[in-house]
Structure formats: structure tokens, C-alpha cells
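Student: So here's upload.cif, just mmCIF, C-alpha atoms and all ligand atoms:
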data_my_file
#
loop_
_atom_site.label_atom_id
_atom_site.label_comp_id
_atom_site.auth_asym_id
_atom_site.auth_seq_id
_atom_site.Cartn_x
_atom_site.Cartn_y
_atom_site.Cartn_z
CA MET A 741 -71.34 1.45 -72.85
CA THR A 742 -70.67 2.65 -69.32
CA LYS A 743 -71.85 0.04 -66.83
CA VAL A 744 -73.25 0.97 -63.42
CA PHE A 745 -74.52 -1.45 -60.80
CA VAL A 746 -76.98 -0.49 -58.08
CA THR A 747 -77.11 -2.65 -54.97
CA GLY A 748 -80.51 -2.65 -53.25
CA LYS A 749 -83.74 -0.75 -53.85
CA VAL A 750 -82.85 2.83 -54.71
CA MET A 751 -85.39 5.54 -55.53
CA LYS A 752 -86.27 5.75 -59.21
CA VAL A 753 -85.15 9.37 -59.50
CA GLY A 754 -81.54 8.28 -58.88
CA VAL A 755 -81.71 5.22 -61.09
CA ASP A 756 -83.19 7.32 -63.93
CA MET A 757 -80.29 9.78 -63.65
CA LEU A 758 -77.88 6.89 -64.15
CA ARG A 759 -79.93 5.47 -67.03
CA GLY A 760 -79.40 8.77 -68.83
CA PHE A 761 -75.82 7.79 -69.61
CA ALA A 762 -75.18 4.22 -68.48
CA ASP A 763 -76.34 0.67 -68.74
CA VAL A 764 -77.76 0.15 -65.23
CA GLU A 765 -78.13 -3.20 -63.55
CA ILE A 766 -79.90 -3.42 -60.21
CA ILE A 767 -78.97 -6.20 -57.79
CA GLU A 768 -81.56 -6.22 -55.03
CA ASP A 769 -80.39 -9.44 -53.36
CA PRO A 770 -77.34 -8.54 -51.24
CA ARG A 771 -76.11 -12.06 -50.46
CA PRO A 772 -72.33 -12.36 -51.00
CA GLU A 773 -72.62 -15.19 -53.53
CA ILE A 774 -75.09 -13.17 -55.61
CA LEU A 775 -72.90 -10.06 -55.60
CA GLU A 776 -69.87 -12.18 -56.49
CA GLU A 777 -71.68 -13.80 -59.39
CA ARG A 778 -73.41 -10.74 -60.84
CA LEU A 779 -71.33 -7.71 -59.99
CA LYS A 780 -68.78 -7.83 -62.83
CA GLY A 781 -67.45 -5.31 -65.32
CA ALA A 782 -68.65 -2.21 -63.46
CA ASP A 783 -67.42 1.32 -64.16
CA GLY A 784 -69.42 2.55 -61.19
CA ILE A 785 -71.36 1.13 -58.25
CA LEU A 786 -74.17 2.89 -56.42
CA HIS A 787 -73.95 0.95 -53.18
CA LYS A 788 -76.86 0.63 -50.76
CA VAL A 789 -76.80 -2.94 -49.38
CA GLY A 790 -74.50 -5.95 -49.15
CA LYS A 791 -70.79 -6.37 -48.58
CA LEU A 792 -68.37 -5.05 -51.18
CA SER A 793 -65.52 -7.41 -50.33
CA GLU A 794 -62.29 -7.70 -52.32
CA LYS A 795 -63.72 -10.95 -53.76
CA VAL A 796 -66.70 -9.04 -55.18
CA LEU A 797 -64.73 -5.99 -56.28
CA ARG A 798 -61.85 -7.73 -58.02
CA ASN A 799 -64.11 -8.74 -60.94
CA ASN A 800 -64.37 -5.06 -61.81
CA GLU A 801 -61.02 -3.97 -63.17
CA HIS A 802 -62.42 -0.76 -64.79
CA LEU A 803 -64.20 0.36 -61.63
CA LYS A 804 -63.71 4.12 -61.10
CA ILE A 805 -66.23 5.03 -58.41
CA ILE A 806 -68.21 3.55 -55.56
CA ALA A 807 -70.92 5.98 -54.46
CA ARG A 808 -72.26 4.95 -51.08
CA HIS A 809 -76.00 5.49 -50.67
CA GLY A 810 -75.61 6.61 -47.05
CA VAL A 811 -72.59 7.20 -44.85
CA GLY A 812 -71.50 3.98 -43.11
CA LEU A 813 -68.52 2.41 -44.87
CA ASP A 814 -68.14 -0.72 -42.75
CA ASP A 815 -69.49 -2.96 -45.54
CA ILE A 816 -66.77 -1.96 -47.98
CA ASP A 817 -63.22 -3.31 -48.19
CA LEU A 818 -61.71 0.13 -47.78
CA SER A 819 -58.06 -0.88 -48.09
CA TYR A 820 -58.73 -2.59 -51.44
CA VAL A 821 -60.71 0.39 -52.77
CA LYS A 822 -57.99 2.84 -51.71
CA ARG A 823 -55.18 0.68 -53.08
CA LYS A 824 -56.91 0.50 -56.45
CA GLY A 825 -57.39 4.28 -56.59
CA ILE A 826 -61.18 3.97 -56.86
CA TRP A 827 -63.17 7.06 -55.87
CA LEU A 828 -65.30 6.48 -52.79
CA THR A 829 -68.08 8.92 -51.92
CA THR A 830 -70.86 9.22 -49.33
CA THR A 831 -74.12 11.14 -49.30
CA ASP A 832 -72.87 13.37 -46.50
CA ASP A 833 -75.77 14.77 -44.44
CA ALA A 834 -78.61 13.44 -46.61
CA ASN A 835 -79.82 11.09 -43.87
CA THR A 836 -78.76 13.11 -40.80
CA ASN A 837 -82.25 14.47 -40.02
CA ALA A 838 -83.92 11.12 -40.60
CA VAL A 839 -81.62 9.25 -38.24
CA ALA A 840 -81.58 11.96 -35.57
CA GLU A 841 -85.38 12.16 -35.52
CA PHE A 842 -85.63 8.38 -35.40
CA THR A 843 -83.22 8.28 -32.47
CA ILE A 844 -85.39 10.67 -30.50
CA GLY A 845 -88.39 8.55 -31.52
CA LEU A 846 -86.69 5.45 -30.11
CA ILE A 847 -85.95 7.24 -26.85
CA PHE A 848 -89.64 8.11 -26.47
CA ALA A 849 -90.74 4.62 -27.54
CA VAL A 850 -88.62 2.84 -24.97
CA VAL A 851 -88.94 5.22 -22.03
CA LYS A 852 -92.71 5.68 -22.36
CA ASN A 853 -93.42 1.96 -23.06
CA ILE A 854 -95.21 2.95 -26.27
CA VAL A 855 -94.51 -0.22 -28.25
CA ARG A 856 -95.23 -2.62 -25.40
CA ALA A 857 -98.48 -0.87 -24.51
CA HIS A 858 -99.56 -0.93 -28.16
CA ILE A 859 -98.87 -4.67 -28.40
CA GLU A 860 -100.75 -5.40 -25.18
CA LEU A 861 -103.74 -3.38 -26.36
CA THR A 862 -103.98 -4.42 -30.00
CA ILE A 863 -102.77 -8.02 -29.95
CA LYS A 864 -103.69 -9.13 -26.44
CA ASN A 865 -106.67 -6.79 -25.86
CA ARG A 866 -105.24 -5.76 -22.47
CA TRP A 867 -105.91 -2.28 -21.08
CA MET A 868 -102.83 -1.92 -18.88
CA ARG A 869 -102.00 1.39 -17.26
CA GLU A 870 -100.21 0.87 -13.97
CA ASP A 871 -97.76 -1.61 -15.55
CA PHE A 872 -96.49 0.98 -17.95
CA MET A 873 -95.03 3.68 -15.75
CA GLY A 874 -92.73 5.81 -17.90
CA GLU A 875 -90.17 8.52 -17.28
CA GLU A 876 -89.94 12.16 -18.31
CA LEU A 877 -86.94 13.35 -20.29
CA SER A 878 -86.72 16.82 -18.83
CA GLY A 879 -83.65 17.22 -16.61
CA LYS A 880 -82.14 13.87 -17.59
CA ILE A 881 -78.75 13.38 -19.21
CA LEU A 882 -78.23 12.23 -22.78
CA GLY A 883 -74.75 10.81 -23.43
CA ILE A 884 -73.71 10.77 -27.09
CA ILE A 885 -70.89 8.60 -28.42
CA GLY A 886 -69.66 10.07 -31.71
CA TYR A 887 -70.35 13.80 -32.06
CA GLY A 888 -70.53 14.08 -35.84
CA ARG A 889 -73.44 15.01 -38.10
CA ILE A 890 -76.06 12.73 -36.51
CA GLY A 891 -74.74 13.03 -32.95
CA LYS A 892 -74.96 16.83 -33.13
CA LYS A 893 -78.44 16.81 -34.62
CA VAL A 894 -79.64 14.41 -31.91
CA ALA A 895 -78.17 16.78 -29.33
CA ASP A 896 -80.06 19.74 -30.83
CA LEU A 897 -83.36 17.88 -30.81
CA ALA A 898 -82.75 16.48 -27.33
CA LYS A 899 -82.11 19.90 -25.84
CA GLY A 900 -85.62 20.85 -26.99
CA CYS A 901 -86.91 18.00 -24.83
CA GLY A 902 -85.10 19.38 -21.79
CA LEU A 903 -82.26 16.84 -21.84
CA ARG A 904 -78.75 17.90 -20.81
CA VAL A 905 -76.25 16.63 -23.38
CA ILE A 906 -72.76 15.27 -22.76
CA ALA A 907 -70.63 13.61 -25.43
CA TYR A 908 -67.54 11.55 -26.16
CA ASP A 909 -65.73 11.87 -29.46
CA PRO A 910 -61.92 11.54 -29.57
CA ASN A 911 -61.87 13.47 -32.86
CA VAL A 912 -63.78 16.54 -31.70
CA ASP A 913 -62.21 19.05 -29.33
CA ARG A 914 -64.86 21.79 -29.26
CA ALA A 915 -68.59 21.34 -29.12
CA ASP A 916 -71.82 23.01 -28.01
CA CYS A 917 -72.15 20.43 -25.24
CA GLU A 918 -69.85 19.09 -22.54
CA LEU A 919 -67.19 16.73 -23.94
CA LEU A 920 -66.08 14.07 -21.47
CA PRO A 921 -64.01 10.88 -21.43
CA LEU A 922 -65.86 7.77 -22.60
CA LYS A 923 -66.27 6.18 -19.19
CA ASP A 924 -67.70 9.38 -17.70
CA VAL A 925 -70.27 9.74 -20.48
CA VAL A 926 -71.27 6.12 -20.02
CA SER A 927 -71.59 6.35 -16.25
CA GLN A 928 -73.43 9.71 -16.17
CA ALA A 929 -75.92 9.12 -18.99
CA ASP A 930 -79.58 8.36 -18.40
CA PHE A 931 -79.76 7.71 -22.15
CA LEU A 932 -76.64 6.58 -23.98
CA SER A 933 -76.92 7.03 -27.74
CA ILE A 934 -74.37 5.63 -30.20
CA HIS A 935 -73.44 7.70 -33.26
CA CYS A 936 -69.86 6.74 -34.17
CA PRO A 937 -68.91 4.70 -37.25
CA LEU A 938 -68.06 1.00 -37.02
CA THR A 939 -64.29 0.74 -37.49
CA ASP A 940 -61.52 -1.48 -36.12
CA GLU A 941 -61.27 1.03 -33.27
CA THR A 942 -64.96 1.12 -32.37
CA ARG A 943 -65.84 -2.58 -32.80
CA GLY A 944 -67.06 -3.75 -29.38
CA LEU A 945 -66.36 -0.30 -27.90
CA ILE A 946 -69.34 -0.58 -25.57
CA ASN A 947 -68.22 -3.75 -23.85
CA CYS A 948 -69.09 -5.63 -20.69
CA GLU A 949 -66.92 -3.38 -18.53
CA LEU A 950 -68.48 -0.16 -19.84
CA LEU A 951 -72.00 -1.59 -19.63
CA SER A 952 -71.33 -2.31 -15.95
CA ARG A 953 -70.61 1.40 -15.44
CA MET A 954 -74.07 2.43 -16.68
CA LYS A 955 -76.76 3.44 -14.22
CA PRO A 956 -79.27 0.60 -13.59
CA SER A 957 -81.97 3.11 -14.58
CA ALA A 958 -80.29 3.99 -17.89
CA PHE A 959 -81.28 3.15 -21.46
CA ILE A 960 -78.98 2.52 -24.43
CA ILE A 961 -79.98 3.57 -27.94
CA ASN A 962 -78.12 2.42 -31.04
CA THR A 963 -78.85 3.74 -34.51
CA ALA A 964 -75.21 3.53 -35.67
CA ARG A 965 -73.97 -0.04 -36.13
CA GLY A 966 -74.62 -3.16 -34.06
CA GLY A 967 -70.93 -4.04 -33.91
CA VAL A 968 -70.12 -0.98 -31.78
CA ILE A 969 -71.80 -2.69 -28.82
CA GLU A 970 -70.82 -6.18 -27.65
CA GLU A 971 -74.21 -7.69 -28.30
CA ASP A 972 -73.85 -10.70 -25.96
CA ALA A 973 -72.80 -8.43 -23.10
CA LEU A 974 -75.76 -6.15 -23.82
CA VAL A 975 -78.19 -9.08 -23.78
CA GLU A 976 -76.84 -10.17 -20.39
CA ALA A 977 -77.06 -6.66 -18.96
CA LEU A 978 -80.68 -6.40 -20.14
CA GLN A 979 -81.62 -9.89 -18.94
CA GLU A 980 -80.14 -9.23 -15.51
CA ARG A 981 -81.74 -5.74 -15.39
CA ARG A 982 -78.34 -4.16 -14.88
CA ILE A 983 -79.63 -1.48 -17.25
CA ARG A 984 -83.27 -0.48 -17.71
CA GLY A 985 -83.69 -0.97 -21.43
CA ALA A 986 -82.45 -0.60 -24.99
CA ALA A 987 -83.73 0.66 -28.32
CA LEU A 988 -81.84 -0.76 -31.27
CA ASP A 989 -82.14 -0.14 -35.00
CA VAL A 990 -78.92 -1.98 -35.87
CA PHE A 991 -77.48 -5.40 -34.98
CA ALA A 992 -74.23 -7.32 -35.08
CA LEU A 993 -75.74 -9.49 -37.83
CA GLU A 994 -78.41 -8.13 -40.15
CA PRO A 995 -81.07 -9.23 -40.74
CA ILE A 996 -81.17 -10.23 -37.07
CA GLU A 997 -81.29 -14.04 -36.68
CA ARG A 998 -84.53 -15.59 -35.39
CA GLY A 999 -82.74 -17.15 -32.41
CA ASN A 1000 -81.18 -13.86 -31.25
CA SER A 1001 -81.95 -13.45 -27.52
CA LEU A 1002 -82.70 -9.76 -28.02
CA LEU A 1003 -85.98 -10.82 -29.63
CA ASN A 1004 -87.19 -12.36 -26.37
CA LEU A 1005 -86.59 -9.44 -24.04
CA ASP A 1006 -89.38 -7.25 -22.65
CA ASN A 1007 -87.16 -4.23 -22.06
CA VAL A 1008 -86.19 -3.50 -25.67
CA VAL A 1009 -87.58 -1.78 -28.74
CA LEU A 1010 -86.12 -3.23 -31.94
CA THR A 1011 -86.43 -1.96 -35.51
CA PRO A 1012 -84.97 -3.39 -38.75
CA HIS A 1013 -82.36 -0.73 -39.67
CA ILE A 1014 -84.96 1.82 -40.76
CA ALA A 1015 -83.65 5.02 -39.18
CA ALA A 1016 -82.78 6.48 -42.58
CA MET A 1017 -85.94 5.22 -44.27
CA THR A 1018 -87.76 8.46 -44.93
CA GLU A 1019 -89.02 9.63 -48.32
CA GLN A 1020 -86.86 12.72 -48.02
CA SER A 1021 -83.61 11.08 -47.07
CA GLN A 1022 -83.98 8.16 -49.51
CA GLU A 1023 -84.60 10.60 -52.35
CA LYS A 1024 -81.67 12.81 -51.39
CA MET A 1025 -79.35 9.83 -51.11
CA ALA A 1026 -80.44 8.40 -54.48
CA VAL A 1027 -79.90 11.73 -56.24
CA MET A 1028 -76.62 12.59 -54.52
CA ALA A 1029 -75.07 9.17 -55.14
CA ALA A 1030 -76.18 9.17 -58.79
CA GLN A 1031 -74.79 12.69 -59.20
CA GLU A 1032 -71.40 11.60 -57.91
CA ILE A 1033 -71.29 8.74 -60.40
CA ARG A 1034 -72.36 11.06 -63.23
CA ARG A 1035 -69.67 13.61 -62.33
CA VAL A 1036 -66.93 11.00 -62.43
CA LEU A 1037 -68.03 8.74 -65.28
CA LEU A 1038 -69.80 11.15 -67.64
CA GLU A 1039 -68.36 14.59 -66.89
CA GLY A 1040 -64.83 13.54 -65.95
CA ARG A 1041 -65.00 15.73 -62.84
CA GLU A 1042 -64.12 15.07 -59.22
CA PRO A 1043 -66.98 14.01 -56.92
CA LEU A 1044 -68.42 16.48 -54.39
CA TYR A 1045 -68.26 14.26 -51.28
CA PRO A 1046 -65.21 12.03 -51.63
CA VAL A 1047 -63.95 9.95 -48.71
CA TRP A 1048 -60.81 9.96 -50.87
N1 LIG B 1101 -79.37 3.29 -38.79
C1 LIG B 1101 -79.17 3.91 -39.94
O1 LIG B 1101 -79.99 3.79 -40.85
C2 LIG B 1101 -77.98 4.77 -40.14
C3 LIG B 1101 -76.82 4.58 -39.43
N2 LIG B 1101 -75.75 5.42 -39.61
C4 LIG B 1101 -74.54 5.19 -38.82
O2 LIG B 1101 -74.27 6.36 -38.08
C5 LIG B 1101 -72.88 6.64 -38.13
C6 LIG B 1101 -72.64 8.11 -37.91
O3 LIG B 1101 -73.10 8.86 -39.02
P1 LIG B 1101 -72.70 10.41 -39.17
O4 LIG B 1101 -73.01 11.15 -37.93
O5 LIG B 1101 -73.28 10.89 -40.43
O6 LIG B 1101 -71.13 10.28 -39.28
P2 LIG B 1101 -70.03 11.38 -38.88
O7 LIG B 1101 -68.77 10.90 -39.51
O8 LIG B 1101 -70.52 12.74 -39.21
O9 LIG B 1101 -69.94 11.27 -37.29
C7 LIG B 1101 -69.35 10.24 -36.62
C8 LIG B 1101 -68.46 10.83 -35.54
O10 LIG B 1101 -67.92 9.77 -34.74
C9 LIG B 1101 -66.52 10.05 -34.58
N3 LIG B 1101 -65.75 8.90 -34.14
C10 LIG B 1101 -64.82 8.18 -34.82
N4 LIG B 1101 -64.26 7.26 -34.02
C11 LIG B 1101 -64.85 7.40 -32.81
C12 LIG B 1101 -64.68 6.75 -31.56
N5 LIG B 1101 -63.75 5.80 -31.38
N6 LIG B 1101 -65.45 7.13 -30.53
C13 LIG B 1101 -66.36 8.12 -30.66
N7 LIG B 1101 -66.54 8.80 -31.83
C14 LIG B 1101 -65.81 8.44 -32.88
C15 LIG B 1101 -66.15 10.59 -35.93
O11 LIG B 1101 -64.85 11.19 -35.96
P3 LIG B 1101 -64.10 11.22 -37.42
O12 LIG B 1101 -65.03 11.93 -38.35
O13 LIG B 1101 -62.85 11.97 -37.20
O14 LIG B 1101 -63.91 9.79 -37.79
C16 LIG B 1101 -67.27 11.59 -36.12
O15 LIG B 1101 -67.02 12.77 -35.41
C17 LIG B 1101 -72.45 6.11 -39.50
O16 LIG B 1101 -71.08 5.78 -39.54
C18 LIG B 1101 -73.34 4.92 -39.71
O17 LIG B 1101 -72.71 3.75 -39.27
C19 LIG B 1101 -75.80 6.47 -40.46
C20 LIG B 1101 -76.92 6.70 -41.20
C21 LIG B 1101 -78.07 5.83 -41.16
O1 LIG B 1102 -76.07 5.64 -44.10
C1 LIG B 1102 -75.91 4.57 -43.50
O2 LIG B 1102 -74.81 4.21 -43.05
C2 LIG B 1102 -77.05 3.68 -43.31
O3 LIG B 1102 -76.98 2.80 -42.49
C3 LIG B 1102 -78.25 3.90 -44.12
O4 LIG B 1102 -79.22 2.94 -43.87
#
Could you spell out this file's structure in C-alpha cells?
Ligand SMILES: NC(=O)C1=CN([C@@H]2O[C@H](COP(=O)(O)OP(=O)(O)OC[C@H]3O[C@@H](n4cnc5c(N)ncnc54)[C@H](OP(=O)(O)O)[C@@H]3O)[C@@H](O)[C@H]2O)C=CC1
Ligand SMILES: O=C(O)C(=O)CO
Tutor:
Amino acid sequence: MTKVFVTGKVMKVGVDMLRGFADVEIIEDPRPEILEERLKGADGILHKVGKLSEKVLRNNEHLKIIARHGVGLDDIDLSYVKRKGIWLTTTDDANTNAVAEFTIGLIFAVVKNIVRAHIELTIKNRWMREDFMGEELSGKILGIIGYGRIGKKVADLAKGCGLRVIAYDPNVDRADCELLPLKDVVSQADFLSIHCPLTDETRGLINCELLSRMKPSAFIINTARGGVIEEDALVEALQERRIRGAALDVFALEPIERGNSLLNLDNVVLTPHIAAMTEQSQEKMAVMAAQEIRRVLLEGREPLYPVW
């Protein structure tokens, strides 16, 4: 019987679609040794969490399709998958709205001190007003790095808040906002929001030198991947108040380690990679990824959203 593995907790509607034609095994624990031990003999993988390294994938010689539950591909050994002629798909724009809305939420949270004020009030019983002076968004500049699906949606939402949008994306030459070189976006932005994929090219893209170009009053928001920003350099910039604050949903190492200095800063808002965690987007991703696997394994058709 056709064998499909699901990595992580995926909505039942998607798992049930797979169960209609395949023997489905769910691996919720994404540790490499668990994936290596259990992920064997797959015809298809619906991939939500964990690293699909060559070591994990090579135990699956009949593997025809990896359907990514989401869009980031940095956890997959892409050269191995391509070399083996395995279909690779994403769920396209299924989580675009969720992540864009969350990004705007993070901007509000950090600039209006919402999380810190809540903690002071509920945990410490402190009614603090003067300490939490915020900023208004209207008239400020939002700099977007990576003007794809999420970057564009963030721009649309931000314009409604009165922000002026500028962007850097080496792969886009026309946009409904001003496109500028990277260093100009970084130095002009009051809010710098990261929306490019993590690749060899973008790893550590926002480094010490670029962070030093940011305005001391600026905030950085990252809902893309932690590795795009040099995390140590960011911690230093925040500690030394060379930038005003950061709101981060993603980290160099996830889950974030308990000793990570980011956890001890008072000018950050941190969330555990939940930007795409909405009922709507999780359901869409589950269904779309399952559909791709069904098309390839049951119907013998090409997928709808192939990376290749
Ligand atoms: N926190 C979360 O839960 C989520 C995080 N994400 C992250 O967000 C990222 C973006 O998603 P999405 O908008 O859908 O992806 P898209 O592919 O639609 O957009 C990314 C854009 O960044 C561009 N890009 C590539 N390299 C660079 C570079 N060096 N500098 C600037 N821009 C670059 C891409 O160009 P090109 O297409 O030509 O490569 C593309 O235009 C994902 O890769 C993922 O890592 C996504 C969903 C949920
Ligand atoms: O789609 C992605 O890349 C995600 O990170 C979903 O959580």
C-alpha cells in the first residue's frame, strides 16, 4: 500500500484526505534521530516540521513527492531532492494573510509596548503609564526585505496604517512601492521587516554592518527565518540601544534555547514561530499539501504548486 508520512501536527482534514488512499504515519517529534529512525519506505511526505536531510531521505528509495506544509524550504536538502527527481511542492499563498497580519500585529505590539505593559499589569500588578510612551505609525517608513507574497501583503496592510513603504528585493524589478538598494532600505526604515527566504545568499544578510546603518529609533521585525539576521549582532545592537527594539517570530535555532540572550532583553517581543498559526491558514495548508500528494501518488498527475 502507498505509504505517506506526515511530520508534525497537521489538521485532520488533510490527514483524512491522505488516509483515503494511503497508509499514513504521523511523526510529531521532529528530532533528527527520530526522523532518521522512523521515516523509511515513504512514497510521499507531507512535511511540516523537522529537517529532511539526505540522511533522513535516503531511506526512502521510492519517494516521489515531498509536499511542504508552508513555503520555507530551508529545512530540506534541496540538492538531494532535485538530484533524485522527487517532486517538491509548497502551499503557495495559503499562509500569506496569516503571516502578513501577524507581522503588523508585531509592529503594534513592539511600538506600543503592549506586551510589556500587559506583563507589568497582570504579573507585577503595576499600573505604569508614563514608562510606556509609544509611537504612531502614520508617516513613518516601513522597509521590506523580500517583496514576494508576504512582503507585498504586509505592504498593503501597512499602507492602511499610514506607513510609507520601501522595499529591497533583487528579484523584483517593478512594484507598487519604491524599490531601493538594501543599504538604503535599511538606513531609511523606521520599521525593517524581513520577508525573504533563508538561502545560502540570505544567511546572515542583516549583519553587524547593516545593523549599524539602522536609525537608533528603528525597530526590526522578523517573521521569515532567524538565520537571515546575524542573531549575535542583533543582540548586541539591542543591548547597546543602537536600535530601539525588535519583534521576532523566528530564531537561528528553534525552539530558542533557554540561555539565548534575546530572552533577557526589555526591548523585544518574541513569539514561538506562530505567524502562520491561524485556523484558516493551517486548514488551507493541510488540504493543499494533501491534494498535491494525492495528485501525484493516486492520480498520476503533476502537482499544482511544484518548486520543480
Ligand atoms: N513565521 C512563519 O510562520 C512563516 C515564515 N515564512 C517565511 O517567509 C518567507 C517568505 O515567504 P513568501 O513571501 O511566501 O515567499 P516568496 O517567495 O513569495 O517571497 C520571498 C521574496 O524574497 C525574494 N528574495 C530572494 N532572495 C532575496 C534576497 N537576497 N534579498 C531580498 N529578497 C530576496 C524572493 O525572490 P525569488 O522568488 O526570486 O527567490 C521573493 O520575491 C518564507 O521563505 C519563509 O521562510 C513563511 C510563512 C510562515
Ligand atoms: O511556511 C513556512 O515557511 C512556515 O514557516 C510555516 O510555519
Student: Could you give me, as a Markdown table, a per-residue list for chain A showing, wherever an atom lies at most 9 Å from an atom of ligand LIG 1101 (chain B), the closest pair of atoms and their distance in Å to one decimal, using all atoms listed in the file and sorting by chain then residue number from low to high?
Tutor:
| residue | atom | partner | partner_atom | distance |
| --- | --- | --- | --- | --- |
| A:Gly810 | CA | B:LIG1101 | C20 | 6.0 |
| A:Val811 | CA | B:LIG1101 | C17 | 5.5 |
| A:Gly812 | CA | B:LIG1101 | C18 | 4.0 |
| A:Leu813 | CA | B:LIG1101 | O16 | 6.8 |
| A:Asp814 | CA | B:LIG1101 | O17 | 7.3 |
| A:Thr831 | CA | B:LIG1101 | O5 | 8.9 |
| A:Asp832 | CA | B:LIG1101 | O5 | 6.6 |
| A:Asp833 | CA | B:LIG1101 | O5 | 6.1 |
| A:Ala834 | CA | B:LIG1101 | O5 | 8.6 |
| A:Asn835 | CA | B:LIG1101 | C20 | 5.9 |
| A:Thr836 | CA | B:LIG1101 | O5 | 5.9 |
| A:Ala838 | CA | B:LIG1101 | C21 | 7.9 |
| A:Val839 | CA | B:LIG1101 | C21 | 5.7 |
| A:Ala840 | CA | B:LIG1101 | O4 | 8.9 |
| A:Phe842 | CA | B:LIG1101 | N1 | 8.8 |
| A:Thr843 | CA | B:LIG1101 | N1 | 8.9 |
| A:Ile884 | CA | B:LIG1101 | C13 | 8.6 |
| A:Ile885 | CA | B:LIG1101 | C13 | 5.1 |
| A:Gly886 | CA | B:LIG1101 | N7 | 3.4 |
| A:Tyr887 | CA | B:LIG1101 | O15 | 4.8 |
| A:Gly888 | CA | B:LIG1101 | O9 | 3.2 |
| A:Arg889 | CA | B:LIG1101 | O8 | 3.9 |
| A:Ile890 | CA | B:LIG1101 | O4 | 3.7 |
| A:Gly891 | CA | B:LIG1101 | O4 | 5.6 |
| A:Lys892 | CA | B:LIG1101 | O4 | 7.7 |
| A:Lys893 | CA | B:LIG1101 | O4 | 8.5 |
| A:Ala907 | CA | B:LIG1101 | C13 | 8.7 |
| A:Tyr908 | CA | B:LIG1101 | C13 | 5.8 |
| A:Asp909 | CA | B:LIG1101 | N7 | 4.0 |
| A:Pro910 | CA | B:LIG1101 | C13 | 5.7 |
| A:Asn911 | CA | B:LIG1101 | O13 | 4.7 |
| A:Val912 | CA | B:LIG1101 | O15 | 6.2 |
| A:Leu922 | CA | B:LIG1101 | N6 | 8.0 |
| A:Ile934 | CA | B:LIG1101 | O2 | 7.9 |
| A:His935 | CA | B:LIG1101 | C6 | 4.7 |
| A:Cys936 | CA | B:LIG1101 | O10 | 3.6 |
| A:Pro937 | CA | B:LIG1101 | O16 | 3.3 |
| A:Leu938 | CA | B:LIG1101 | O17 | 5.9 |
| A:Thr939 | CA | B:LIG1101 | N4 | 7.4 |
| A:Asp940 | CA | B:LIG1101 | N5 | 9.0 |
| A:Glu941 | CA | B:LIG1101 | N5 | 5.7 |
| A:Thr942 | CA | B:LIG1101 | N5 | 4.9 |
| A:Arg943 | CA | B:LIG1101 | N5 | 8.8 |
| A:Leu945 | CA | B:LIG1101 | N5 | 7.5 |
| A:Asn962 | CA | B:LIG1101 | N1 | 7.9 |
| A:Thr963 | CA | B:LIG1101 | N1 | 4.3 |
| A:Ala964 | CA | B:LIG1101 | C4 | 3.6 |
| A:Arg965 | CA | B:LIG1101 | O17 | 5.1 |
| A:Gly966 | CA | B:LIG1101 | O17 | 8.9 |
| A:Leu988 | CA | B:LIG1101 | N1 | 8.9 |
| A:Asp989 | CA | B:LIG1101 | N1 | 5.8 |
| A:Val990 | CA | B:LIG1101 | N1 | 6.0 |
| A:Pro1012 | CA | B:LIG1101 | N1 | 8.7 |
| A:His1013 | CA | B:LIG1101 | N1 | 5.1 |
| A:Ile1014 | CA | B:LIG1101 | O1 | 5.3 |
| A:Ala1015 | CA | B:LIG1101 | O1 | 4.2 |
| A:Ala1016 | CA | B:LIG1101 | O1 | 4.2 |
| A:Met1017 | CA | B:LIG1101 | O1 | 7.0 |
Student: A:Val744, A:Ile863, A:Ile961, A:Ile816: which is nearest ligand LIG 1102 (chain B), counting only C-alpha atoms and all ligand atoms?
Tutor: A:Ile816
Student: Quick one: 3 Å padding each side, axis-aligned, all listed atoms of ligand LIG 1102 (chain B) - centre and edge lengths in Å to one decimal, as JSON?
Tutor:
{"center_x": -77.0, "center_y": 4.2, "center_z": -43.3, "size_x": 10.4, "size_y": 8.8, "size_z": 7.6}
Student: Select, from A:Leu775, A:Ile766, A:Val855, A:Leu786, the residue with the minimum atom-to-atom distance to Met1028 in chain A, counting all atoms listed in the file.
Tutor: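 Comparing A:Leu775, A:Ile766, A:Val855, A:Leu786 against Met1028 in chain A, the winner is A:Leu786.
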Student: List as a VMD selection string the protein and nucleic acid residues near Leu1003 in chain A, meaning an atom at most 12 Å away when only C-alpha atoms are counted, but skip any in the same chain fewer than 5 places from it.
Tutor: chain A and resid 975 978 to 979 986 to 988 991 996 to 998 1008 to 1012
Student: List the neighbours of Ala1026 in chain A out to 12 Å using only C-alpha atoms; skip same-chain residues closer than 6 positions along the sequence, and give me the result as a ChimeraX atom specification.
Tutor: /A:746-758,786-788,807-810,830-831,834-835,1019-1020,1032-1033
Student: Counting all atoms listed in the file, which of A:Met868, A:Met741, A:Met1025, A:Val1036 gets nearest to ligand LIG 1102 (chain B)?
Tutor: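 Closest residue, counting all atoms listed in the file: A:Met1025.
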Student: Tell me which of A:Asn853, A:Ser1021, A:Ser927, A:Gly790 sits closest to Leu993 in chain A, counting all atoms listed in the file.
Tutor: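 Closest to Leu993 in chain A, using all atoms listed in the file: A:Gly790.
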Student: May I ask for the distance between CA of Val789 in chain A and CA of Ala973 in chain A, given in Å to one decimal place?
Tutor: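 That distance, rounded to one decimal, is 27.1 Å.
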Student: Report, in Å with one decimal, the straight-line distance from CA of Glu970 in chain A to CA of Lys923 in chain A.
Tutor: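 Pair CA of Glu970 in chain A / CA of Lys923 in chain A returns 15.7 Å.
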Student: Have a look at A:Asp815, A:Glu841, A:Ile785, A:Leu897 and name the one nearest to ligand LIG 1102 (chain B); count all atoms listed in the file.
Tutor: A:Asp815
Student: In Å, rounded to a single decimal, give me how far CA of Val968 in chain A is from CA of Lys1024 in chain A.
Tutor: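 Separation between CA of Lys1024 in chain A and CA of Val968 in chain A: 26.6 Å.
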Student: Within 12 Å of (-94.2, 7.8, -26.9) (file coordinates; only C-alpha atoms), which protein or nucleic acid residues are there? I'd like them as a PyMOL selection string.
Tutor: chain A and resi 844-858+872-877+1009
